[in-house]
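*Asks:* Structure incoming, see below.
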Amino acid sequence: MDIAQELLNPMQVSKWTGLSRGALAQLRYKGQGPAFIKLTPKTVRYLRADVERWIRASVQYRTGEPVH
């Protein structure tokens, strides 16, 4: 598959995840979101596989701390 089809811009990731573009920017700043690529200082792209991996890694089965 052509890599251009695999690159997503923040708006596409926002629509896919339901997170705002601002929230994605904050996650990038904190190092907590999906891996991203900086093509230029103002151009951010995500590989579709990295976003999918991040979503899958975020799966949780309960809230709060585990009960001991």
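In the structure tokens, each chain is lettered A, B, ... as it comes, each chain's residues begin at 1, and ligands are numbered from 1 in order of appearance.
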As an MDAnalysis selection string, please: the residues near Val13 in chain A (cut-off 10 Å, only C-alpha atoms, same-chain neighbours under 2 positions excluded).
*Replies:* chainID A and resid 7:11 15:21 24 34 45:48 51
*Asks:* Would you output that residue set with C-alpha atoms, as a PDB file, in the first residue's frame?
*Replies:*
```pdb
ATOM      1  CA  LEU A   7      -0.538   8.955   6.611  1.00  0.00           C
ATOM      2  CA  LEU A   8      -3.300  10.694   8.540  1.00  0.00           C
ATOM      3  CA  ASN A   9      -3.454  14.368   9.455  1.00  0.00           C
ATOM      4  CA  PRO A  10      -4.619  15.501  12.909  1.00  0.00           C
ATOM      5  CA  MET A  11      -8.142  16.242  11.645  1.00  0.00           C
ATOM      6  CA  LYS A  15     -12.590  12.322  13.549  1.00  0.00           C
ATOM      7  CA  TRP A  16     -11.493   8.710  14.022  1.00  0.00           C
ATOM      8  CA  THR A  17     -10.849   8.912  17.775  1.00  0.00           C
ATOM      9  CA  GLY A  18     -13.330  11.584  18.823  1.00  0.00           C
ATOM     10  CA  LEU A  19     -10.502  13.626  20.357  1.00  0.00           C
ATOM     11  CA  SER A  20     -10.182  17.289  19.415  1.00  0.00           C
ATOM     12  CA  ARG A  21      -7.148  18.460  17.485  1.00  0.00           C
ATOM     13  CA  LEU A  24      -4.127  15.480  20.187  1.00  0.00           C
ATOM     14  CA  PRO A  34       0.048   7.889  19.240  1.00  0.00           C
ATOM     15  CA  ARG A  45       1.113  13.229  10.356  1.00  0.00           C
ATOM     16  CA  TYR A  46       0.279   9.905  11.938  1.00  0.00           C
ATOM     17  CA  LEU A  47       0.748   6.444  10.488  1.00  0.00           C
ATOM     18  CA  ARG A  48      -2.578   4.610  10.543  1.00  0.00           C
ATOM     19  CA  VAL A  51      -2.922   5.152  15.766  1.00  0.00           C
TER      20      VAL A  51
END
```
*Asks:* Step one, run DSSP on the backbone; step two, keep only residues of chain A assigned to strand (DSSP E or B); then write them as a PyMOL selection string.
*Replies:* chain A and resi 7-8+37-40+43-47
*Asks:* From the set A:Gly33, A:Asp2, A:Ala23, A:Lys38, which residue has the shortest atom-to-atom contact distance to Arg53 in chain A, counting only C-alpha atoms?
*Replies:*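 Answer, going by the shortest atom-to-atom distance: A:Gly33.
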*Asks:* Can you check which residues of chain A DSSP gives as alpha helix (DSSP H) on the backbone and send them as an NGL selection string?
*Replies:* :A and (3-6 or 10-17 or 21-30 or 48-57)
*Asks:* Could you check how far CA of Leu27 in chain A sits from CA of Trp54 in chain A, in Å to one decimal?
*Replies:*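 Distance reported for this atom pair: 11.7 Å.
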*Asks:* Tell me, in Å to one decimal, how far CA of Gln12 in chain A is from CA of Tyr61 in chain A.
*Replies:*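 Spanning CA of Gln12 in chain A to CA of Tyr61 in chain A is a straight-line distance of 26.8 Å.
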